[in-house]
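**Q** File data.txt follows (compact mmCIF, C-alpha atoms):
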# COMPACT_ATOMS: atom_id res chain seq x y z
CA MET A 153 -29.12 9.97 8.28
CA THR A 154 -29.07 8.59 11.80
CA GLU A 155 -26.28 6.00 11.67
CA THR A 156 -22.63 7.03 11.48
CA LEU A 157 -21.03 6.06 8.18
CA PRO A 158 -18.91 2.95 8.67
CA VAL A 159 -15.37 2.77 7.35
CA ILE A 160 -13.04 -0.21 7.72
CA TYR A 161 -9.39 -0.18 6.69
CA SER A 162 -6.90 -2.82 7.68
CA ILE A 163 -3.87 -4.90 6.84
CA THR A 164 -4.40 -8.44 8.07
CA GLU A 165 -2.71 -11.82 8.09
CA SER A 166 -6.09 -13.51 8.51
CA GLU A 167 -8.51 -14.77 5.91
CA ILE A 168 -10.69 -12.00 4.43
CA ASP A 169 -14.24 -12.56 5.67
CA LEU A 170 -16.45 -11.06 2.98
CA ASN A 171 -19.73 -11.71 4.77
CA ASP A 172 -18.52 -10.09 7.98
CA LEU A 173 -17.15 -7.04 6.17
CA LEU A 174 -20.30 -6.64 4.11
CA ALA A 175 -22.47 -6.83 7.20
CA ARG A 176 -20.38 -4.15 8.88
CA ILE A 177 -20.85 -1.65 6.03
CA THR A 178 -24.54 -2.43 5.48
CA LEU A 179 -26.93 0.15 6.93
CA ALA A 180 -30.71 0.44 7.06
CA SER A 181 -30.35 2.98 4.24
CA THR A 182 -28.12 0.90 1.90
CA GLY A 183 -29.56 -1.23 -0.87
CA ALA A 184 -26.45 -1.79 -2.98
CA ALA A 185 -22.88 -2.90 -2.49
CA ALA A 186 -20.11 -2.99 -5.07
CA ILE A 187 -17.40 -5.40 -4.03
CA PHE A 188 -14.05 -5.90 -5.67
CA THR A 189 -11.80 -8.68 -4.54
CA GLY A 190 -8.50 -9.76 -6.02
CA MET A 191 -7.03 -13.22 -5.61
CA VAL A 192 -3.72 -14.90 -6.38
CA ARG A 193 -3.60 -15.98 -10.04
CA GLY A 194 -1.85 -19.29 -10.53
CA ILE A 195 -1.61 -19.15 -14.31
CA THR A 196 -0.89 -15.89 -16.10
CA SER A 197 -1.35 -15.67 -19.85
CA ARG A 198 -1.46 -11.89 -20.42
CA GLY A 199 1.98 -10.31 -20.90
CA GLY A 200 4.79 -12.68 -19.95
CA ALA A 201 3.01 -16.03 -19.55
CA HIS A 202 4.06 -17.81 -16.35
CA GLU A 203 2.89 -19.86 -13.39
CA THR A 204 2.81 -18.77 -9.76
CA GLU A 205 3.28 -21.07 -6.77
CA TYR A 206 2.55 -18.37 -4.21
CA LEU A 207 2.89 -14.66 -3.49
CA GLU A 208 4.62 -13.33 -0.39
CA TYR A 209 3.11 -9.98 0.66
CA GLU A 210 4.61 -7.48 3.05
CA SER A 211 3.56 -4.04 4.19
CA TYR A 212 4.66 -0.94 6.05
CA ILE A 213 1.57 -1.49 8.17
CA PRO A 214 1.01 1.80 10.06
CA MET A 215 1.52 3.86 6.90
CA ALA A 216 -0.54 1.43 4.82
CA GLU A 217 -3.51 1.72 7.16
CA SER A 218 -3.21 5.51 7.18
CA LYS A 219 -3.12 5.57 3.36
CA MET A 220 -6.13 3.23 3.21
CA LYS A 221 -8.01 5.74 5.34
CA GLN A 222 -6.90 8.44 2.89
CA VAL A 223 -8.29 6.36 -0.01
CA ALA A 224 -11.59 6.03 1.87
CA ASP A 225 -11.65 9.80 2.45
CA GLU A 226 -11.01 10.39 -1.25
CA ILE A 227 -13.90 8.05 -2.14
CA ARG A 228 -16.22 9.99 0.16
CA GLU A 229 -15.15 13.27 -1.37
CA LYS A 230 -15.72 12.05 -4.94
CA TRP A 231 -18.87 10.01 -4.26
CA PRO A 232 -20.70 11.58 -1.30
CA VAL A 233 -23.53 9.06 -1.86
CA VAL A 234 -21.28 6.20 -0.76
CA GLU A 235 -22.24 5.18 2.77
CA GLY A 236 -20.04 2.29 3.95
CA ILE A 237 -16.47 1.62 2.84
CA ALA A 238 -14.25 -1.41 3.55
CA ILE A 239 -10.64 -1.64 2.37
CA VAL A 240 -8.71 -4.74 3.47
CA GLN A 241 -5.38 -6.10 2.27
CA ARG A 242 -4.17 -9.51 3.39
CA ILE A 243 -0.42 -10.07 3.72
CA GLY A 244 1.85 -13.08 4.23
CA ARG A 245 2.26 -16.13 2.01
CA LEU A 246 -0.80 -16.53 -0.20
CA HIS A 247 -1.44 -19.33 -2.68
CA PRO A 248 -3.41 -19.33 -5.96
CA LYS A 249 -7.17 -18.79 -5.65
CA THR A 250 -6.76 -17.07 -2.27
CA PRO A 251 -8.40 -13.64 -1.97
CA THR A 252 -5.74 -11.03 -1.18
CA VAL A 253 -7.59 -7.73 -1.19
CA LEU A 254 -11.13 -6.47 -0.81
CA ILE A 255 -12.69 -3.09 -1.55
CA ALA A 256 -16.40 -2.72 -0.88
CA CYS A 257 -18.64 0.33 -1.03
CA THR A 258 -22.30 0.52 -0.11
CA ALA A 259 -24.91 3.06 -1.19
CA ALA A 260 -28.66 3.46 -1.34
CA HIS A 261 -28.91 2.31 -4.96
CA ARG A 262 -26.72 0.73 -7.65
CA ASP A 263 -26.86 3.71 -10.03
CA THR A 264 -25.18 6.12 -7.61
CA GLY A 265 -21.56 5.65 -8.69
CA VAL A 266 -20.96 2.85 -6.21
CA PHE A 267 -19.29 0.63 -8.86
CA GLU A 268 -16.95 3.46 -9.87
CA ALA A 269 -16.17 4.16 -6.21
CA ALA A 270 -15.01 0.58 -5.61
CA ARG A 271 -12.98 0.68 -8.83
CA TYR A 272 -11.34 3.91 -7.70
CA GLY A 273 -10.55 2.31 -4.34
CA ILE A 274 -8.60 -0.63 -5.77
CA ASP A 275 -6.83 1.60 -8.32
CA ARG A 276 -5.74 4.02 -5.59
CA LEU A 277 -4.67 1.22 -3.25
CA LYS A 278 -2.35 -0.01 -5.98
CA GLU A 279 -0.87 3.49 -6.30
CA ILE A 280 -0.26 4.78 -2.78
CA VAL A 281 -0.73 2.04 -0.13
CA PRO A 282 2.69 0.64 0.85
CA VAL A 283 2.31 -3.09 0.19
CA TRP A 284 4.64 -5.23 -1.94
CA LYS A 285 4.53 -8.78 -3.19
CA LYS A 286 7.22 -11.24 -4.15
CA GLU A 287 6.20 -13.80 -6.72
CA VAL A 288 7.49 -17.35 -6.31
CA GLY A 289 7.17 -19.80 -9.20
CA PRO A 290 8.88 -22.77 -10.82
CA ASP A 291 11.59 -20.49 -12.24
CA GLY A 292 12.49 -18.74 -9.00
CA GLN A 293 11.32 -15.64 -7.18
CA GLU A 294 10.95 -12.02 -8.12
CA TRP A 295 9.64 -8.87 -6.43
CA VAL A 296 6.74 -7.32 -8.29
CA GLU A 297 7.30 -3.57 -8.60
CA GLY A 298 4.62 -1.03 -9.32
CA ASN A 299 5.14 1.97 -11.54
CA TYR A 300 3.29 4.77 -9.77
CA ILE A 301 5.32 7.63 -8.31
CA PRO A 302 3.25 9.50 -5.70
CA LYS A 303 3.06 13.27 -6.01
CA PRO A 304 3.44 15.78 -3.15
CA GLY A 305 0.32 15.69 -0.99
CA GLU A 306 -0.49 12.08 -1.83
CA MET B 75 22.79 16.32 15.00
CA ASN B 76 19.44 14.63 14.48
CA LYS B 77 18.81 11.02 15.35
CA ILE B 78 16.56 9.29 12.81
CA LYS B 79 15.25 5.78 12.18
CA ILE B 80 15.26 4.35 8.66
CA LEU B 81 13.06 1.42 7.58
CA PHE B 82 13.65 -0.59 4.41
CA PHE B 83 11.07 -2.66 2.54
CA ALA B 84 10.92 -5.17 -0.32
CA THR B 85 13.80 -4.93 -2.82
CA ILE B 86 15.42 -2.10 -0.87
CA ARG B 87 15.52 -4.21 2.30
CA ASP B 88 17.05 -7.12 0.39
CA ARG B 89 19.80 -4.85 -0.94
CA ALA B 90 20.36 -3.09 2.40
CA GLY B 91 20.57 -6.48 4.13
CA THR B 92 18.62 -5.08 7.10
CA LYS B 93 15.06 -4.05 7.97
CA SER B 94 16.04 -0.88 9.77
CA MET B 95 18.87 1.26 11.06
CA GLU B 96 19.38 4.31 13.24
CA LEU B 97 21.44 7.20 12.00
CA ASP B 98 22.75 10.53 13.25
CA ILE B 99 22.49 13.19 10.56
CA SER B 100 23.13 16.91 10.40
CA ALA B 101 20.17 19.06 11.42
CA ASP B 102 19.58 20.57 7.98
CA MET B 103 19.93 17.44 5.87
CA THR B 104 17.49 17.13 2.98
CA ILE B 105 16.04 13.95 1.51
CA ALA B 106 18.30 14.37 -1.55
CA GLN B 107 21.36 14.57 0.73
CA LEU B 108 20.18 11.58 2.75
CA LYS B 109 19.86 9.53 -0.45
CA ASP B 110 23.39 10.54 -1.45
CA LYS B 111 24.70 9.55 1.98
CA LEU B 112 22.95 6.16 1.97
CA GLY B 113 24.20 5.45 -1.55
CA ALA B 114 27.76 6.35 -0.53
CA ASP B 115 27.69 4.43 2.78
CA HIS B 116 25.99 1.35 1.30
CA PRO B 117 27.17 0.72 -2.29
CA ASN B 118 24.46 -1.94 -2.73
CA LEU B 119 21.86 0.82 -2.39
CA LYS B 120 23.46 3.33 -4.75
CA GLU B 121 21.58 2.20 -7.87
CA SER B 122 18.27 1.96 -5.98
CA MET B 123 18.46 5.58 -4.82
CA LYS B 124 17.49 6.81 -8.32
CA SER B 125 13.99 5.34 -8.21
CA VAL B 126 13.31 4.76 -4.51
CA LEU B 127 10.21 6.17 -2.81
CA ILE B 128 10.86 7.86 0.52
CA THR B 129 8.53 8.74 3.37
CA ILE B 130 8.96 10.99 6.40
CA ASN B 131 6.75 10.03 9.33
CA ARG B 132 4.52 7.92 7.05
CA GLU B 133 3.92 10.57 4.38
CA TYR B 134 5.55 10.61 0.95
CA ALA B 135 8.50 13.01 0.87
CA PHE B 136 10.56 14.54 -1.90
CA ASP B 137 14.14 15.62 -2.52
CA GLU B 138 13.94 19.15 -1.16
CA ALA B 139 12.29 18.20 2.17
CA VAL B 140 14.41 18.64 5.30
CA VAL B 141 14.50 15.59 7.58
CA PRO B 142 13.06 16.56 10.99
CA PRO B 143 14.47 15.40 14.35
CA ASN B 144 13.48 11.86 15.41
CA ALA B 145 11.99 11.23 11.98
CA GLU B 146 10.82 7.77 10.93
CA ILE B 147 12.09 7.50 7.37
CA ALA B 148 11.15 4.63 5.07
CA LEU B 149 12.64 3.65 1.72
CA PHE B 150 10.86 1.33 -0.68
CA PRO B 151 10.14 0.65 -4.35
CA PRO B 152 6.87 1.66 -6.06
CA VAL B 153 4.09 -0.27 -4.34
CA SER B 154 2.59 -3.48 -5.71
CA GLY B 155 -0.31 -4.38 -3.43
CA GLY B 156 -3.71 -5.69 -4.38
Turn the structure described in the file into structure tokens.
**A**
Amino acid sequence: MTETLPVIYSITESEIDLNDLLARITLASTGAAAIFTGMVRGITSRGGAHETEYLEYESYIPMAESKMKQVADEIREKWPVVEGIAIVQRIGRLHPKTPTVLIACTAAHRDTGVFEAARYGIDRLKEIVPVWKKEVGPDGQEWVEGNYIPKPGE
Amino acid sequence: MNKIKILFFATIRDRAGTKSMELDISADMTIAQLKDKLGADHPNLKESMKSVLITINREYAFDEAVVPPNAEIALFPPVSGG
């Protein structure tokens, strides 16, 4: 392999540019990318049905970026075939249909575990990367709290 | 005495009423003792101290850890990004 393996991790207040990120983790040797993106859901029916006007995200940015790098390192350890990795979380006030997070992994082929790697990335982000969101809707506002308690070494 | 900086996020910041504070603590204070002190000094935070996540210098920390000099401590609820 002649190119260095690209890794992108960032907290941003700007729009997530999928095409730019994908280009930056595409190499001559990659033929597959698995991309997960999450967006603000305006109408929730699963669990407690409700409507959302917007989400207000905040982050402990320096720690969040360091934990995103850790997630990328974990992906590389579990899926050495993964070549490029991008992990981006947008913060600020975000309205329904707006992409809020992106995890993308590239590899030579689609059957290399690249889908599982991207899935692992978003699951881990939701466990250890310090970002929180406050949900604002017609009935008021409420902080969304996760339920994962990190263990020593995480 | 050790001088430390404490950052608060999300629900914990709302209850603390501030984003950050500086504190002088004894040199051998543990995270468990720091939680007790914050709960005692700031009654609004007392209930939160049971489930709060704490970091020392941007790494997750646990009750028995001793707070080092000039530490950047952060307190926050379980994360909810994505």
**Q** Residues around (9.0, -5.4, -7.9), cut-off 6 Å, counting only C-alpha atoms - what are they as JSON, numbers by chain?
**A** {"A": [295, 296, 297]}
**Q** For C-alpha atoms, I'd like the residues from the last selection saved as a tab-separated table (two decimals), in the coordinates of the input.
**A**
chain	number	residue	atom	x	y	z
A	295	TRP	CA	9.64	-8.87	-6.43
A	296	VAL	CA	6.74	-7.32	-8.29
A	297	GLU	CA	7.30	-3.57	-8.60
**Q** Given the choices B:Pro142, B:Leu149, B:Lys93, B:Phe136, which gets closest to Leu112 of chain B if the distance is worked out from only C-alpha atoms?
**A**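 The shortest atom-to-atom distance to Leu112 of chain B comes from B:Leu149.
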**Q** For Gly156 of chain B, list every protein, DNA or RNA residue within 9 Å, evaluated using all atoms listed in the file, and leave out those in the same chain fewer than 2 positions away; present the list as an mmCIF file with C-alpha atoms, in the coordinates of the input.
**A**
data_model
loop_
_atom_site.group_PDB
_atom_site.id
_atom_site.type_symbol
_atom_site.label_atom_id
_atom_site.label_comp_id
_atom_site.auth_asym_id
_atom_site.auth_seq_id
_atom_site.Cartn_x
_atom_site.Cartn_y
_atom_site.Cartn_z
ATOM 1 C CA THR A 189 -11.800 -8.680 -4.540
ATOM 2 C CA GLY A 190 -8.500 -9.760 -6.020
ATOM 3 C CA MET A 191 -7.030 -13.220 -5.610
ATOM 4 C CA GLN A 241 -5.380 -6.100 2.270
ATOM 5 C CA ARG A 242 -4.170 -9.510 3.390
ATOM 6 C CA THR A 252 -5.740 -11.030 -1.180
ATOM 7 C CA VAL A 253 -7.590 -7.730 -1.190
ATOM 8 C CA LEU A 254 -11.130 -6.470 -0.810
ATOM 9 C CA ILE A 274 -8.600 -0.630 -5.770
ATOM 10 C CA ASP A 275 -6.830 1.600 -8.320
ATOM 11 C CA LEU A 277 -4.670 1.220 -3.250
ATOM 12 C CA LYS A 278 -2.350 -0.010 -5.980
ATOM 13 C CA VAL A 283 2.310 -3.090 0.190
ATOM 14 C CA TRP A 284 4.640 -5.230 -1.940
ATOM 15 C CA LYS A 285 4.530 -8.780 -3.190
ATOM 16 C CA SER B 154 2.590 -3.480 -5.710
#
**Q** List every residue of chain B that has an atom at most 12 Å from any atom of chain A, and for each one report the closest atom pair and its distance in Å to one decimal, counting all atoms listed in the file, with rows sorted by chain and then by increasing residue number, as a Markdown table.
**A**
| residue | atom | partner | partner_atom | distance |
| --- | --- | --- | --- | --- |
| B:Leu81 | CA | A:Tyr212 | CA | 8.9 |
| B:Phe82 | CA | A:Tyr212 | CA | 9.1 |
| B:Phe83 | CA | A:Tyr212 | CA | 7.5 |
| B:Ala84 | CA | A:Trp284 | CA | 6.5 |
| B:Thr85 | CA | A:Trp295 | CA | 6.8 |
| B:Ile86 | CA | A:Trp295 | CA | 10.5 |
| B:Arg87 | CA | A:Glu210 | CA | 11.4 |
| B:Asp88 | CA | A:Trp295 | CA | 10.2 |
| B:Lys93 | CA | A:Tyr212 | CA | 11.0 |
| B:Ser94 | CA | A:Tyr212 | CA | 12.0 |
| B:Ser125 | CA | A:Ile301 | CA | 9.0 |
| B:Val126 | CA | A:Ile301 | CA | 9.3 |
| B:Leu127 | CA | A:Ile301 | CA | 7.5 |
| B:Ile128 | CA | A:Pro302 | CA | 10.0 |
| B:Thr129 | CA | A:Met215 | CA | 9.2 |
| B:Ile130 | CA | A:Met215 | CA | 10.3 |
| B:Asn131 | CA | A:Met215 | CA | 8.4 |
| B:Arg132 | CA | A:Met215 | CA | 5.1 |
| B:Glu133 | CA | A:Met215 | CA | 7.6 |
| B:Tyr134 | CA | A:Glu306 | CA | 6.8 |
| B:Ala135 | CA | A:Pro304 | CA | 7.0 |
| B:Phe136 | CA | A:Pro304 | CA | 7.3 |
| B:Asp137 | CA | A:Pro304 | CA | 10.7 |
| B:Glu138 | CA | A:Pro304 | CA | 11.2 |
| B:Ala139 | CA | A:Pro304 | CA | 10.6 |
| B:Glu146 | CA | A:Met215 | CA | 10.9 |
| B:Ile147 | CA | A:Met215 | CA | 11.2 |
| B:Ala148 | CA | A:Tyr212 | CA | 8.6 |
| B:Leu149 | CA | A:Tyr212 | CA | 10.2 |
| B:Phe150 | CA | A:Pro282 | CA | 8.3 |
| B:Pro151 | CA | A:Glu297 | CA | 6.6 |
| B:Pro152 | CA | A:Gly298 | CA | 4.8 |
| B:Val153 | CA | A:Gly298 | CA | 5.1 |
| B:Ser154 | CA | A:Trp284 | CA | 4.6 |
| B:Gly155 | CA | A:Val283 | CA | 4.7 |
| B:Gly156 | CA | A:Val253 | CA | 5.4 |
**Q** Print the selection's residues with C-alpha atoms to a file, as a tab-separated table (two decimals), in the coordinates of the input.
**A**
chain	number	residue	atom	x	y	z
B	81	LEU	CA	13.06	1.42	7.58
B	82	PHE	CA	13.65	-0.59	4.41
B	83	PHE	CA	11.07	-2.66	2.54
B	84	ALA	CA	10.92	-5.17	-0.32
B	85	THR	CA	13.80	-4.93	-2.82
B	86	ILE	CA	15.42	-2.10	-0.87
B	87	ARG	CA	15.52	-4.21	2.30
B	88	ASP	CA	17.05	-7.12	0.39
B	93	LYS	CA	15.06	-4.05	7.97
B	94	SER	CA	16.04	-0.88	9.77
B	125	SER	CA	13.99	5.34	-8.21
B	126	VAL	CA	13.31	4.76	-4.51
B	127	LEU	CA	10.21	6.17	-2.81
B	128	ILE	CA	10.86	7.86	0.52
B	129	THR	CA	8.53	8.74	3.37
B	130	ILE	CA	8.96	10.99	6.40
B	131	ASN	CA	6.75	10.03	9.33
B	132	ARG	CA	4.52	7.92	7.05
B	133	GLU	CA	3.92	10.57	4.38
B	134	TYR	CA	5.55	10.61	0.95
B	135	ALA	CA	8.50	13.01	0.87
B	136	PHE	CA	10.56	14.54	-1.90
B	137	ASP	CA	14.14	15.62	-2.52
B	138	GLU	CA	13.94	19.15	-1.16
B	139	ALA	CA	12.29	18.20	2.17
B	146	GLU	CA	10.82	7.77	10.93
B	147	ILE	CA	12.09	7.50	7.37
B	148	ALA	CA	11.15	4.63	5.07
B	149	LEU	CA	12.64	3.65	1.72
B	150	PHE	CA	10.86	1.33	-0.68
B	151	PRO	CA	10.14	0.65	-4.35
B	152	PRO	CA	6.87	1.66	-6.06
B	153	VAL	CA	4.09	-0.27	-4.34
B	154	SER	CA	2.59	-3.48	-5.71
B	155	GLY	CA	-0.31	-4.38	-3.43
B	156	GLY	CA	-3.71	-5.69	-4.38
**Q** Can you tell me, as a list in words, what residues are no more than 12 Å from Ile99 of chain B when counting only C-alpha atoms, ignoring any on the same chain fewer than 2 positions away?
**A** Met75, Asn76, Lys77, Ile78, Lys79, Ile80, Glu96, Leu97, Ala101, Asp102, Met103, Thr104, Ile105, Gln107, Leu108, Lys109, Lys111, Leu112, Val140, Val141, Pro142, Pro143, Asn144 and Ala145 of chain B
**Q** Please identify all polymer residues within 9 Å of Arg176 of chain A, counting all atoms listed in the file, omitting same-chain residues fewer than 6 positions from it, and present them as a ChimeraX atom specification.
**A** /A:158-160,236,238
**Q** Mind listing whatever residues come within 12 Å of the point (4.5, -20.2, -7.8)? Use only C-alpha atoms, file coordinates, and give them as a PyMOL selection string.
**A** chain A and resi 192-196+202-208+245-249+286-294
**Q** Between atom CA of Cys257 of chain A and atom CA of Tyr272 of chain A, what distance in Å does the model show, to one decimal?
**A** 10.5 Å
**Q** Please indicate the distance in Å from atom CA of Ala260 of chain A to atom CA of Ile168 of chain A, rounded to one decimal place.
**A**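 Straight-line distance from atom CA of Ala260 of chain A to atom CA of Ile168 of chain A works out to 24.4 Å.
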**Q** In Å, with one decimal, what is the gap from atom CA of Arg262 of chain A to atom CA of Thr182 of chain A?
**A**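 Those two atoms sit 9.7 Å apart.
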**Q** Of the residues A:Asp169, A:Gly273, A:Ser197, A:Ala180, which is the one nearest to Thr156 of chain A, using only C-alpha atoms?
**A**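 Selected residue with least distance to Thr156 of chain A: A:Ala180.
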**Q** Which residue, A:Leu170, A:Ala259, A:Thr250, A:Glu217, has the smallest gap to Val234 of chain A when you use all atoms listed in the file?
**A**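 Nearest to Val234 of chain A: A:Ala259.
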